[in-house]
Structure formats: C-alpha cells, structure tokens
$ cat start11.txt   # compact mmCIF, C-alpha atoms
# COMPACT_ATOMS: atom_id res chain seq x y z
CA MET A 1 -33.55 -38.80 52.11
CA GLU A 2 -36.65 -38.19 54.25
CA ARG A 3 -35.59 -34.61 54.98
CA ASP A 4 -35.01 -34.05 51.28
CA PHE A 5 -38.52 -35.29 50.43
CA ILE A 6 -39.95 -32.98 53.09
CA ARG A 7 -38.02 -30.07 51.58
CA LEU A 8 -39.42 -30.85 48.12
CA GLY A 9 -42.93 -31.19 49.46
CA GLU A 10 -42.72 -27.75 51.07
CA MET A 11 -41.54 -26.05 47.86
CA PRO A 12 -44.16 -23.48 46.81
CA ASP A 13 -43.25 -23.99 43.15
CA LEU A 14 -42.89 -27.79 43.17
CA SER A 15 -45.26 -28.19 40.22
CA ARG A 16 -43.06 -25.94 38.06
CA TRP A 17 -39.94 -27.90 39.05
CA LEU A 18 -41.70 -31.11 38.03
CA GLU A 19 -42.54 -29.52 34.66
CA GLN A 20 -38.87 -28.74 34.15
CA ILE A 21 -37.80 -32.31 34.91
CA ARG A 22 -40.50 -33.71 32.61
CA ALA A 23 -39.26 -31.37 29.88
CA THR A 24 -35.78 -32.91 30.24
CA GLY A 25 -37.28 -36.40 29.95
CA GLY A 26 -36.29 -37.22 33.52
CA CYS A 27 -32.61 -36.45 32.87
CA ALA A 28 -30.44 -38.10 35.54
CA GLU A 29 -27.84 -35.30 35.64
CA PRO A 30 -29.48 -32.07 34.45
CA VAL A 31 -27.49 -28.88 33.95
CA TYR A 32 -28.92 -25.79 35.63
CA LEU A 33 -28.68 -22.38 33.96
CA ALA A 34 -29.63 -18.91 35.08
CA GLY A 35 -30.28 -15.96 32.81
CA HIS A 36 -32.77 -14.49 30.39
CA THR A 37 -33.68 -14.31 26.70
CA THR A 38 -35.63 -11.67 24.80
CA THR A 39 -37.20 -12.06 21.37
CA LEU A 40 -37.53 -8.80 19.40
CA ASP A 41 -39.28 -7.89 16.18
CA GLY A 42 -36.51 -7.52 13.61
CA ASP A 43 -38.12 -4.47 11.97
CA THR A 44 -39.61 -2.47 14.84
CA GLY A 45 -37.61 -3.65 17.83
CA GLU A 46 -40.82 -4.48 19.68
CA VAL A 47 -40.40 -7.04 22.46
CA LEU A 48 -42.33 -10.12 21.36
CA ARG A 49 -41.36 -12.40 24.22
CA HIS A 50 -39.21 -12.15 27.33
CA TYR A 51 -38.19 -15.05 29.55
CA SER A 52 -36.16 -14.96 32.74
CA THR A 53 -35.24 -17.64 35.24
CA ALA A 54 -35.87 -15.17 38.05
CA THR A 55 -39.37 -16.63 38.48
CA GLU A 56 -38.26 -20.28 38.20
CA PRO A 57 -37.71 -22.59 41.20
CA GLY A 58 -34.39 -21.61 42.71
CA GLY A 59 -33.95 -18.98 40.00
CA ARG A 60 -32.65 -21.54 37.51
CA LEU A 61 -33.71 -23.67 34.54
CA ALA A 62 -32.95 -27.39 34.08
CA VAL A 63 -31.70 -28.58 30.67
CA ARG A 64 -30.59 -32.00 29.47
CA CYS A 65 -27.07 -33.27 30.23
CA ARG A 66 -26.95 -34.86 26.72
CA ASN A 67 -24.77 -37.74 27.90
CA ARG A 68 -24.81 -40.50 25.29
CA ARG A 69 -24.12 -43.31 27.81
CA ALA A 70 -27.16 -45.21 29.04
CA SER A 71 -25.20 -46.04 32.21
CA ARG A 72 -25.13 -42.32 33.05
CA CYS A 73 -28.50 -41.06 31.75
CA ALA A 74 -30.99 -43.36 30.04
CA SER A 75 -33.19 -40.46 28.92
CA CYS A 76 -30.47 -38.44 27.17
CA SER A 77 -28.81 -41.54 25.71
CA ARG A 78 -32.13 -42.45 24.08
CA GLU A 79 -32.32 -39.00 22.48
CA HIS A 80 -28.71 -39.30 21.31
CA SER A 81 -29.42 -42.74 19.84
CA GLY A 82 -32.42 -41.28 18.02
CA ASP A 83 -30.23 -38.56 16.52
CA THR A 84 -27.69 -41.20 15.49
CA PHE A 85 -30.43 -43.25 13.82
CA HIS A 86 -31.44 -40.29 11.65
CA LEU A 87 -27.81 -39.34 10.98
CA VAL A 88 -26.96 -42.84 9.73
CA ARG A 89 -30.28 -43.40 7.96
CA SER A 90 -30.06 -40.15 5.98
CA GLY A 91 -26.76 -41.38 4.57
CA LEU A 92 -28.48 -44.57 3.44
CA VAL A 93 -31.80 -43.39 2.03
CA GLY A 94 -31.47 -39.59 1.82
CA GLY A 95 -33.25 -36.82 3.63
CA LYS A 96 -31.93 -34.23 6.12
CA GLY A 97 -30.21 -32.45 3.24
CA VAL A 98 -28.93 -35.65 1.55
CA PRO A 99 -30.36 -36.55 -1.91
CA GLU A 100 -32.47 -39.70 -2.09
CA ALA A 101 -30.23 -40.95 -4.91
CA VAL A 102 -27.75 -42.24 -2.31
CA ARG A 103 -29.93 -45.33 -1.84
CA THR A 104 -28.90 -46.48 -5.35
CA ARG A 105 -25.15 -46.13 -4.69
CA PRO A 106 -22.80 -49.04 -3.88
CA ARG A 107 -23.15 -49.50 -0.10
CA LEU A 108 -21.77 -51.96 2.43
CA PHE A 109 -22.31 -52.70 6.10
CA VAL A 110 -18.91 -53.77 7.43
CA THR A 111 -17.65 -55.13 10.75
CA LEU A 112 -13.91 -54.91 11.45
CA THR A 113 -12.63 -56.84 14.47
CA ALA A 114 -9.49 -56.90 16.59
CA PRO A 115 -6.87 -59.63 16.27
CA SER A 116 -6.43 -62.35 18.89
CA PHE A 117 -4.41 -61.59 22.00
CA GLY A 118 -4.97 -65.05 23.41
CA PRO A 119 -7.87 -67.55 23.55
CA VAL A 120 -10.92 -66.46 25.56
CA HIS A 121 -14.11 -68.22 26.54
CA ARG A 122 -16.84 -67.79 23.91
CA ALA A 123 -20.59 -68.32 23.70
CA GLY A 124 -21.79 -71.71 22.50
CA GLU A 125 -19.25 -74.49 22.18
CA CYS A 126 -16.09 -73.15 23.72
CA HIS A 127 -12.60 -74.22 22.68
CA PRO A 128 -12.40 -78.04 22.59
CA THR A 129 -10.18 -79.48 25.28
CA ARG A 130 -6.76 -80.58 24.09
CA ARG A 131 -4.59 -83.04 25.89
CA ARG A 132 -1.79 -80.59 26.52
CA ARG A 133 -1.16 -77.72 28.84
CA CYS A 134 0.28 -74.26 28.37
CA GLU A 135 3.56 -73.28 29.96
CA HIS A 136 1.64 -72.16 33.05
CA GLY A 137 0.08 -75.58 33.57
CA ARG A 138 -3.42 -74.81 32.29
CA TRP A 139 -5.25 -76.96 29.75
CA HIS A 140 -5.49 -75.75 26.17
CA GLY A 141 -9.24 -75.46 25.66
CA CYS A 142 -12.44 -75.39 27.67
CA GLY A 143 -14.81 -78.03 26.28
CA ARG A 144 -17.96 -76.52 27.80
CA THR A 145 -20.99 -74.84 26.21
CA HIS A 146 -21.55 -71.30 27.46
CA LEU A 147 -24.87 -69.47 27.40
CA ASP A 148 -24.83 -65.88 26.16
CA THR A 149 -25.23 -64.67 29.75
CA ASP A 150 -22.31 -66.70 31.13
CA PRO A 151 -19.89 -64.31 32.89
CA LEU A 152 -16.98 -66.45 31.68
CA ILE A 153 -17.47 -65.24 28.10
CA GLY A 154 -14.60 -62.97 27.13
CA GLN A 155 -12.35 -64.10 29.97
CA PRO A 156 -8.97 -65.58 28.92
CA LEU A 157 -8.38 -69.32 29.21
CA CYS A 158 -5.00 -68.47 30.72
CA ALA A 159 -4.49 -64.94 32.00
CA ASP A 160 -0.71 -65.47 32.18
CA CYS A 161 -0.57 -66.31 28.45
CA TYR A 162 -2.81 -63.39 27.44
CA ASP A 163 -1.13 -60.48 25.65
CA TYR A 164 -2.39 -57.62 27.83
CA PRO A 165 0.09 -54.98 26.55
CA GLY A 166 -0.77 -55.85 22.94
CA HIS A 167 -4.50 -55.61 23.72
CA ILE A 168 -4.17 -52.14 25.28
CA LEU A 169 -1.88 -50.80 22.56
CA TRP A 170 -4.20 -52.12 19.83
CA ASN A 171 -7.16 -50.34 21.42
CA ALA A 172 -5.11 -47.16 21.61
CA MET A 173 -4.17 -47.41 17.92
CA ALA A 174 -7.59 -48.48 16.65
CA PRO A 175 -8.69 -44.94 15.58
CA ALA A 176 -5.49 -44.48 13.55
CA LEU A 177 -5.92 -47.96 12.06
CA TRP A 178 -9.46 -47.09 10.93
CA LYS A 179 -8.19 -43.92 9.25
CA ALA A 180 -5.40 -45.85 7.53
CA PHE A 181 -7.95 -48.40 6.29
CA ARG A 182 -10.26 -45.72 4.91
CA ASP A 183 -7.39 -43.87 3.20
CA ASN A 184 -5.94 -47.11 1.81
CA LEU A 185 -9.34 -48.05 0.41
CA TYR A 186 -8.77 -45.58 -2.44
CA ASN A 187 -5.59 -47.44 -3.42
CA HIS A 188 -7.43 -50.76 -3.58
CA LEU A 189 -10.25 -49.21 -5.61
CA ALA A 190 -7.65 -47.83 -8.04
CA ALA A 191 -5.94 -51.21 -8.39
CA ARG A 192 -9.19 -52.95 -9.26
CA ALA A 193 -10.27 -50.24 -11.69
CA ALA A 194 -6.82 -50.12 -13.33
CA LEU A 195 -6.52 -46.40 -12.56
CA GLY A 196 -3.88 -44.26 -10.95
CA ARG A 197 -4.16 -43.55 -7.25
CA SER A 198 -4.45 -39.81 -7.79
CA GLU A 199 -6.96 -40.22 -10.61
CA VAL A 200 -9.34 -42.40 -8.62
CA ARG A 201 -9.64 -39.72 -5.91
CA THR A 202 -10.92 -37.27 -8.54
CA LEU A 203 -13.60 -39.71 -9.68
CA VAL A 204 -15.01 -41.30 -6.51
CA ARG A 205 -15.42 -40.38 -2.87
CA VAL A 206 -15.63 -42.91 -0.05
CA SER A 207 -18.33 -41.77 2.39
CA ALA A 208 -18.53 -43.65 5.67
CA ALA A 209 -19.93 -43.65 9.19
CA LYS A 210 -18.58 -45.99 11.85
CA VAL A 211 -19.38 -46.79 15.46
CA ALA A 212 -17.04 -48.41 17.99
CA GLU A 213 -18.19 -51.34 20.12
CA TYR A 214 -16.47 -53.20 22.93
CA GLN A 215 -16.40 -56.96 22.64
CA LYS A 216 -16.81 -59.03 25.80
CA ARG A 217 -13.03 -59.50 25.97
CA GLY A 218 -12.59 -55.70 26.06
CA ALA A 219 -11.27 -55.23 22.53
CA ILE A 220 -12.68 -52.60 20.20
CA HIS A 221 -14.29 -53.47 16.91
CA PHE A 222 -15.98 -51.23 14.36
CA HIS A 223 -19.35 -51.38 12.60
CA ALA A 224 -19.34 -49.15 9.53
CA VAL A 225 -21.55 -48.09 6.65
CA ILE A 226 -19.43 -47.44 3.56
CA ARG A 227 -20.83 -45.76 0.44
CA LEU A 228 -19.31 -44.81 -2.91
CA ASP A 229 -20.20 -41.37 -4.33
CA GLY A 230 -19.02 -39.34 -7.29
CA SER A 231 -16.45 -36.58 -7.10
CA ASP A 232 -19.03 -34.13 -5.68
CA GLY A 233 -20.10 -36.45 -2.87
CA PRO A 234 -23.79 -37.32 -2.42
CA ALA A 235 -24.78 -34.88 -5.17
CA SER A 236 -23.10 -36.95 -7.90
CA PRO A 237 -23.17 -40.66 -8.79
CA PRO A 238 -19.94 -42.68 -8.96
CA PRO A 239 -18.57 -43.88 -12.35
CA SER A 240 -20.13 -47.00 -13.84
CA TRP A 241 -17.10 -49.10 -12.98
CA ALA A 242 -17.53 -48.31 -9.25
CA THR A 243 -19.89 -51.18 -8.50
CA GLY A 244 -20.92 -52.83 -5.28
CA ASP A 245 -18.86 -55.93 -6.08
CA LEU A 246 -15.76 -53.81 -6.71
CA LEU A 247 -16.28 -52.00 -3.39
CA LEU A 248 -16.70 -55.32 -1.58
CA GLU A 249 -13.45 -56.68 -3.03
CA ALA A 250 -11.57 -53.48 -2.18
CA VAL A 251 -12.85 -53.48 1.41
CA ARG A 252 -11.82 -57.10 1.93
CA SER A 253 -8.33 -56.63 0.52
CA ALA A 254 -7.74 -53.30 2.29
CA ALA A 255 -8.81 -54.70 5.66
CA ALA A 256 -6.56 -57.72 5.19
CA VAL A 257 -3.34 -55.78 4.53
CA VAL A 258 -3.64 -52.47 6.41
CA ALA A 259 -1.26 -52.36 9.38
CA LEU A 260 0.53 -49.79 11.52
CA PRO A 261 3.82 -50.20 13.40
CA CYS A 262 3.51 -50.77 17.11
CA PRO A 263 4.73 -47.81 19.22
CA ASP A 264 8.42 -48.19 20.01
CA SER A 265 8.68 -49.30 23.62
CA ALA A 266 10.85 -51.60 25.70
CA ALA A 267 7.63 -52.88 27.32
CA TYR A 268 6.43 -54.48 24.09
CA GLY A 269 8.14 -56.52 21.45
CA GLY A 270 7.23 -54.31 18.51
CA GLY A 271 5.73 -55.60 15.29
CA ARG A 272 2.69 -54.28 13.44
CA PHE A 273 -0.99 -54.05 14.33
CA GLY A 274 -3.77 -54.82 11.87
CA PHE A 275 -7.38 -55.89 11.97
CA GLY A 276 -8.43 -59.40 12.89
CA ALA A 277 -9.07 -62.12 10.35
CA GLN A 278 -12.81 -62.06 11.01
CA LEU A 279 -14.43 -59.58 8.62
CA ASP A 280 -18.14 -59.24 7.86
CA ALA A 281 -19.16 -57.20 4.82
CA HIS A 282 -22.79 -57.21 3.65
CA PRO A 283 -23.96 -55.36 0.51
CA LEU A 284 -27.00 -53.13 0.97
CA THR A 285 -28.95 -53.40 -2.26
CA ASN A 286 -32.46 -52.19 -1.33
CA GLY A 287 -33.84 -55.39 -2.82
CA GLN A 288 -36.92 -57.30 -1.75
CA GLY A 289 -36.27 -59.80 1.00
CA GLU A 290 -32.95 -58.17 1.86
CA ARG A 291 -31.61 -59.51 5.14
CA LEU A 292 -30.29 -56.13 6.24
CA THR A 293 -32.62 -53.21 5.63
CA ASP A 294 -31.53 -49.58 5.76
CA ASP A 295 -33.57 -48.93 8.89
CA ALA A 296 -32.18 -52.05 10.59
CA VAL A 297 -28.60 -50.97 9.91
CA ALA A 298 -29.28 -47.44 11.19
CA ALA A 299 -30.92 -48.83 14.33
CA TYR A 300 -28.04 -51.27 14.85
CA VAL A 301 -25.44 -48.51 14.70
CA ALA A 302 -27.55 -46.18 16.86
CA LYS A 303 -27.86 -48.85 19.54
CA TYR A 304 -24.13 -48.88 20.16
CA THR A 305 -23.82 -45.13 20.66
CA SER A 306 -25.62 -45.51 24.00
CA LYS A 307 -23.19 -48.21 25.12
CA SER A 308 -19.56 -47.90 26.11
CA VAL A 309 -16.86 -49.77 27.97
CA GLU A 310 -19.35 -50.99 30.59
CA ALA A 311 -20.46 -53.54 27.95
CA ALA A 312 -17.11 -55.25 28.59
CA GLY A 313 -17.57 -55.05 32.35
CA ALA A 314 -15.36 -51.99 32.90
CA VAL A 315 -16.22 -48.58 34.39
CA ASP A 316 -17.40 -45.36 32.77
CA ARG A 317 -15.35 -42.93 34.84
CA ARG A 318 -11.69 -41.98 34.87
CA ILE A 319 -9.17 -43.76 37.08
CA THR A 320 -6.92 -41.67 39.30
CA SER A 321 -4.64 -44.15 41.10
CA LEU A 322 -3.48 -47.75 41.37
CA ALA A 323 -5.33 -48.02 44.68
CA GLU A 324 -8.56 -47.21 42.87
CA ILE A 325 -7.85 -49.95 40.33
CA ARG A 326 -7.40 -52.50 43.12
CA ALA A 327 -10.73 -51.47 44.66
CA LEU A 328 -12.78 -51.72 41.44
CA ARG A 329 -15.60 -54.27 41.41
CA VAL A 330 -14.66 -55.79 38.06
CA THR A 331 -13.46 -59.14 36.76
CA PRO A 332 -9.76 -60.03 37.10
CA HIS A 333 -9.46 -59.72 33.31
CA VAL A 334 -10.79 -56.16 33.23
CA ARG A 335 -8.67 -55.22 36.25
CA ALA A 336 -5.60 -56.57 34.47
CA LEU A 337 -6.45 -54.54 31.35
CA ILE A 338 -6.91 -51.31 33.32
CA ALA A 339 -3.75 -51.93 35.34
CA THR A 340 -1.80 -52.62 32.14
CA ALA A 341 -3.02 -49.36 30.62
CA TRP A 342 -1.99 -47.53 33.79
CA ARG A 343 1.47 -49.15 33.79
CA LEU A 344 2.10 -48.49 30.10
CA GLY A 345 0.82 -44.93 30.51
CA GLY A 346 3.68 -44.26 32.92
CA LEU A 347 6.35 -44.98 30.29
CA PRO A 348 7.88 -41.83 28.73
CA GLU A 349 7.87 -43.29 25.21
CA LEU A 350 4.10 -43.92 25.37
CA GLN A 351 3.04 -40.58 26.87
CA HIS A 352 1.52 -39.48 23.55
CA LEU A 353 -1.08 -42.25 23.84
CA ARG A 354 -2.38 -40.82 27.16
CA LEU A 355 -3.08 -44.33 28.41
CA ARG A 356 -3.57 -43.33 32.03
CA ALA A 357 -6.23 -40.79 31.13
CA TRP A 358 -8.00 -43.49 29.11
CA ALA A 359 -7.28 -46.50 31.32
CA HIS A 360 -10.98 -46.75 32.21
CA MET A 361 -11.68 -47.09 28.44
CA LEU A 362 -9.07 -49.86 28.20
CA GLY A 363 -6.79 -47.59 26.18
CA TYR A 364 -9.29 -46.56 23.51
CA ARG A 365 -9.47 -42.78 23.18
CA GLY A 366 -11.39 -42.40 19.94
CA HIS A 367 -14.92 -41.10 19.48
CA CYS A 368 -17.83 -43.49 19.73
CA LEU A 369 -19.15 -42.50 16.29
CA THR A 370 -17.33 -40.76 13.46
CA LYS A 371 -18.26 -40.06 9.86
CA THR A 372 -16.82 -38.47 6.78
CA ARG A 373 -17.92 -34.92 6.11
CA SER A 374 -19.98 -35.85 3.04
CA TYR A 375 -21.74 -38.92 4.47
CA SER A 376 -24.85 -37.18 5.83
CA THR A 377 -26.10 -34.51 8.21
CA THR A 378 -24.52 -33.68 11.59
CA TYR A 379 -25.61 -33.85 15.21
CA GLY A 380 -25.50 -30.06 15.37
CA GLN A 381 -27.87 -29.71 12.41
CA LEU A 382 -30.29 -32.27 13.86
CA ARG A 383 -30.36 -30.50 17.23
CA ALA A 384 -30.76 -27.10 15.60
CA ALA A 385 -33.73 -28.40 13.58
CA ARG A 386 -35.33 -29.79 16.75
CA ALA A 387 -34.83 -26.50 18.58
CA GLU A 388 -36.29 -24.58 15.63
CA HIS A 389 -39.30 -26.88 15.60
CA ALA A 390 -39.80 -26.34 19.34
CA ARG A 391 -39.63 -22.58 18.92
CA GLY A 392 -42.19 -22.75 16.13
CA LEU A 393 -44.67 -24.53 18.41
CA TYR A 394 -44.81 -21.53 20.73
CA ALA A 395 -44.24 -18.60 18.38
CA ASP A 396 -47.35 -16.65 17.37
CA TRP A 397 -45.61 -14.18 15.05
CA ASP A 398 -44.49 -14.42 11.44
CA SER A 399 -42.01 -11.55 11.10
CA GLU A 400 -38.23 -11.84 11.24
CA THR A 401 -37.03 -11.83 14.82
CA ALA A 402 -33.86 -11.20 16.76
CA VAL A 403 -32.98 -12.97 19.99
CA GLU A 404 -30.89 -11.49 22.79
CA GLY A 405 -29.91 -13.50 25.83
CA ALA A 406 -27.42 -14.01 28.62
CA TRP A 407 -26.93 -17.33 30.42
CA ARG A 408 -24.58 -18.72 33.02
CA PHE A 409 -23.95 -22.14 34.55
CA VAL A 410 -25.18 -22.44 38.15
CA GLY A 411 -25.12 -26.14 38.94
CA THR A 412 -25.72 -29.72 37.91
CA GLY A 413 -27.30 -32.92 39.21
CA HIS A 414 -30.03 -33.89 41.65
CA THR A 415 -30.36 -34.25 45.38
CA PRO A 416 -31.21 -37.82 46.50
CA ALA A 417 -34.99 -37.21 46.55
CA GLU A 418 -34.91 -35.32 43.26
CA ALA A 419 -33.00 -38.20 41.66
CA LEU A 420 -35.71 -40.69 42.67
CA ILE A 421 -38.46 -38.47 41.29
CA ALA A 422 -36.55 -37.89 38.02
CA ALA A 423 -35.98 -41.65 37.65
CA GLY A 424 -39.70 -42.24 38.11
CA ILE A 425 -40.53 -39.65 35.46
CA ALA A 426 -38.05 -41.23 33.03
CA GLU A 427 -39.54 -44.68 33.71
CA ASP A 428 -43.10 -43.42 33.15
CA LEU A 429 -42.13 -41.82 29.85
CA ALA A 430 -40.39 -45.04 28.73
CA THR A 431 -43.48 -47.06 29.66
CA ASN A 432 -45.73 -44.70 27.72
CA ARG A 433 -43.49 -44.97 24.65
CA GLU A 434 -43.57 -48.76 24.86
CA ILE A 435 -47.38 -48.77 25.11
CA VAL A 436 -47.66 -46.53 22.05
CA ARG A 437 -45.15 -48.66 20.12
CA THR A 438 -47.04 -51.87 20.99
CA GLU A 439 -50.34 -50.32 19.85
CA GLN A 440 -48.80 -49.16 16.57
CA VAL A 441 -47.37 -52.63 15.90
CA GLY A 442 -50.78 -54.14 16.61
CA GLU A 443 -52.48 -51.73 14.20
CA ARG A 444 -50.00 -52.58 11.42
CA ALA A 445 -50.53 -56.29 12.03
$ encode --input "start11.txt" --output "structure tokens"
Amino acid sequence: MERDFIRLGEMPDLSRWLEQIRATGGCAEPVYLAGHTTTLDGDTGEVLRHYSTATEPGGRLAVRCRNRRASRCASCSREHSGDTFHLVRSGLVGGKGVPEAVRTRPRLFVTLTAPSFGPVHRAGECHPTRRRRCEHGRWHGCGRTHLDTDPLIGQPLCADCYDYPGHILWNAMAPALWKAFRDNLYNHLAARAALGRSEVRTLVRVSAAKVAEYQKRGAIHFHAVIRLDGSDGPASPPPSWATGDLLLEAVRSAAAVVALPCPDSAAYGGGRFGFGAQLDAHPLTNGQGERLTDDAVAAYVAKYTSKSVEAAGAVDRRITSLAEIRALRVTPHVRALIATAWRLGGLPELQHLRLRAWAHMLGYRGHCLTKTRSYSTTYGQLRAARAEHARGLYADWDSETAVEGAWRFVGTGHTPAEALIAAGIAEDLATNREIVRTEQVGERA
C-alpha cells in the first residue's frame, strides 16, 4: 500500500488522473479504454475537435463501470437508481417522450409476495409459542419480539421443516410467474367487462414496470406499477369501462389464481407454484392527501435497483464449488439455500433452470427491473440524452457534425492506493450532495 501511494505521488500527471476519477464519480471499478475520437464538420469535413488517450495518464481513459449494485459500486448504483427513478416516474406523470395524460389513467402500485415455505422469525411479535413440538423436537412458535435489526428475522423456526427445494424452485420460476400473471390479467379484465378475451386486447393495453426485491428469508417478491392504456398505448386513453376499481379487482383475482406447474423432478414432490396470499395493491389517483405520491413510488422502486441478494445476507458473486459454499460467511439459512440450489442444479431434469450458475442469487435468474415496451422511456434513451447534454456543454459549433472514433478495452479496477483515493472522492461527492439537499429542504421549509 505504501509503495503504491509513493508511485501515485510520483506520477507527473497525477492531477489529470484525479480529474478522471472525479468525472466517474469515484467509481469503485472503472473501465479503462484507449483510443481516439474526431469530430468533423458534416459539410466541409473540417476537424472541429480531436481527442486521443495518448496524452492521458497511462495512455488510457477511465469510464464508469455502471454496476447497479451498491455493494459493488456506490457511485454507479446511485446513477442507475436515478435513471430508474426517471424511467418509472415518466410512466406515472409523463415526460421523457411519454404524454402527461398517463397521470389520469387507472394506475396501481402492487406488491406480489412469495408463498410460505415454512415459518420464519419476523419483526415485531414473532409467532406465539404453542405447546407442541414439530417432528424434529422444536417448539412451534417463538414468542419473542424482534427489532427490525435482529439477525434472527428471516431465519426458519425449524430448518429441518423448511422447504428449501420449494424455495429455490419458486425463485427460479418467479420471472415466468410474473409473465403469466401479466398475460392472465387481460383475461380477468375481459371477464369483468363482459368482453371476449381477444376483443379486450384490442381495446386496452396493460403497461407495467416491476422491480424484484429479496425478503429477509431470501424469497423474491415484486413491486410493480400497473397502468391501463388504450389500444395505442400511452398515446390513447382506455375505454370508459376500464376504471381503477376494475383494474384493482382484476389484479387481485389474477394474482390469487395464477399458478405454474413445478418442474418435473424426483427431488421435489411436484404441485404448482403461485404467489403468496399477501397482496398489497394501492390505487394511484393523484388526489390531495394521497398516501402514495407518484414521486414516492418512483423513488421506492428506484431504491431497490441498487440492492440485490445481499439484502438477504447472501453474496453478490458467482459460486464455483461446494467447498466455496462451506467457506462462505453467511447464516446457516442462506448457506442451506445456496447449497440446495447447487444440489438441484446438478440434476439433469433441472439443467434448464441453470441453478448452479445462479446459486449465489438463491435460484433467481431474472432481471432486477423489467417493464413493458409501452410503459415509458428506456435506460438507453436516458443515457443517450445525458451524453448528448454533456456534449452540448463543450461544443462551440452549431453545424451538423460527424464523429469518427476507435476504442479498445485495456483494463479495469484500481490498485489498493487508487481504490482508497476513489472511495474518498465518492464520499466527498456524497457529502456535498447531502449538504445541498439539506439546504434545499431548509429553503422550502
């Protein structure tokens, strides 16, 4: 470490390297590129600007890693969460290419949970103690009151009774279950509107965005914004019969009945998987005194895109062997989940679920956030708009331009001393943002 600090201190272009790291927001795992770009006048071919990494420290340029996980890079996860906020918010109130009329459409904020795989400790009053024991000799119930920070929360009352294979297989099937729910929603809308299933698809479109969150017990549940549009998506209103109350009823009934058959395997008893009995569905009406505002919902969804399986106490990297599972510094419950995923992943009939590749994610292999095509803008469009804005800050010409460039990957990450400096830069930027936010709140007050 000391030698690395000495090396940095002796760099003739240290100040330029620091500028690069500040430009990445103190990214914890920057990607280094080498190459050049040339901006030409589109009419005359005159060179308006030329940039090359040949004059940069080490002949390379640092760019963000863009990792959404706060456990990997707090700086880039914050930027990703900000993009998610605008992506979700534009589908609620308009903007970013979405008409403002969407705020008057029937809209719900829905939480779909996993079923029970066995009783676990919970915050507040835990399961009351019952004067009987399970077949493994443990009492049914807990009887204690757990604080929100209690590490026992989410741990099974009896690990031997807990359905670990069912838990892993449900996580693996959760993305398909969400798709089945969204598709089946049209059928329930048709039933309540007394229309044919094909006809209702020509009249309304279900637009949705959902984020996956890990509960303390390690099971996936979904938070989703669901909106009803007309046949042309956000550009057209839904029919008059497509009300918020009708959407709420359809969501409740669809979530209650949707189910998929369990993968056929000798390691599990079969049956069908559906959502849990606990369902939260809140209408978003834009009314005064509304408990859930559009911005609050967008911020709530955005918050979970920076989190992952580490929220359940697991790890955010892939597992490569059983020996590695035994050496993990995790709770016995999480170790049992990962080991179960690894064991099931070795069965030929479950190879299509790729459970070993996703054992560190407790079997879940879906995206953190998904949305329907018509819900709102995209991450790509948001990033392109930000890049265009940044180019406009430095451009001093008005004519049409052409850009030629050639880039190649030359490395990633920091040395130990560089990592400490980058972490300090990221912390300083976070402190500055908090100071500005506090001052703005004080001015509004």
$ residues_around --input "start11.txt" --residues "His352 (chain A)" --least-positions-apart "4" --cutoff "12 Å" --atoms "all atoms listed in the file" --output "ChimeraX atom specification"
/A:169,172-173,263-264,344-348,356-358,363,365
$ write_last_selection --input "start11.txt" --atoms "C-alpha atoms" --output "short mmCIF file (atom, residue, chain, number, x, y, z; two decimals), in the coordinates of the input"
data_model
loop_
_atom_site.label_atom_id
_atom_site.label_comp_id
_atom_site.auth_asym_id
_atom_site.auth_seq_id
_atom_site.Cartn_x
_atom_site.Cartn_y
_atom_site.Cartn_z
CA LEU A 169 -1.88 -50.80 22.56
CA ALA A 172 -5.11 -47.16 21.61
CA MET A 173 -4.17 -47.41 17.92
CA PRO A 263 4.73 -47.81 19.22
CA ASP A 264 8.42 -48.19 20.01
CA LEU A 344 2.10 -48.49 30.10
CA GLY A 345 0.82 -44.93 30.51
CA GLY A 346 3.68 -44.26 32.92
CA LEU A 347 6.35 -44.98 30.29
CA PRO A 348 7.88 -41.83 28.73
CA ARG A 356 -3.57 -43.33 32.03
CA ALA A 357 -6.23 -40.79 31.13
CA TRP A 358 -8.00 -43.49 29.11
CA GLY A 363 -6.79 -47.59 26.18
CA ARG A 365 -9.47 -42.78 23.18
#
$ closest_residue --input "start11.txt" --among "A:Arg205, A:Lys307, A:His223, A:His121" --to "Leu279 (chain A)" --atoms "only C-alpha atoms"
A:His223
$ residues_around --input "start11.txt" --residues "Ala402 (chain A)" --least-positions-apart "6" --cutoff "7 Å" --atoms "all atoms listed in the file" --output "PDB file with C-alpha atoms, in the coordinates of the input"
ATOM      1  CA  THR A  39     -37.200 -12.060  21.370  1.00  0.00           C
ATOM      2  CA  LEU A  40     -37.530  -8.800  19.400  1.00  0.00           C
ATOM      3  CA  ASP A  41     -39.280  -7.890  16.180  1.00  0.00           C
ATOM      4  CA  GLY A  42     -36.510  -7.520  13.610  1.00  0.00           C
TER       5      GLY A  42
END
$ closest_residue --input "start11.txt" --among "A:Cys142, A:Ile153, A:Val110, A:Val98" --to "Ala224 (chain A)" --atoms "only C-alpha atoms"
A:Val110
$ residues_around --input "start11.txt" --residues "Asp183 (chain A)" --least-positions-apart "6" --cutoff "12 Å" --atoms "all atoms listed in the file" --output "number ranges by chain"
A: 176-177, 189-190, 197, 201, 205-208, 250-251, 254-255, 258, 372
$ closest_residue --input "start11.txt" --among "A:Ala180, A:Cys126, A:Ala62, A:Val211" --to "His146 (chain A)" --atoms "all atoms listed in the file"
A:Cys126
$ closest_residue --input "start11.txt" --among "A:Ser81, A:Trp170, A:Ala312, A:Pro106" --to "Trp241 (chain A)" --atoms "only C-alpha atoms"
A:Pro106
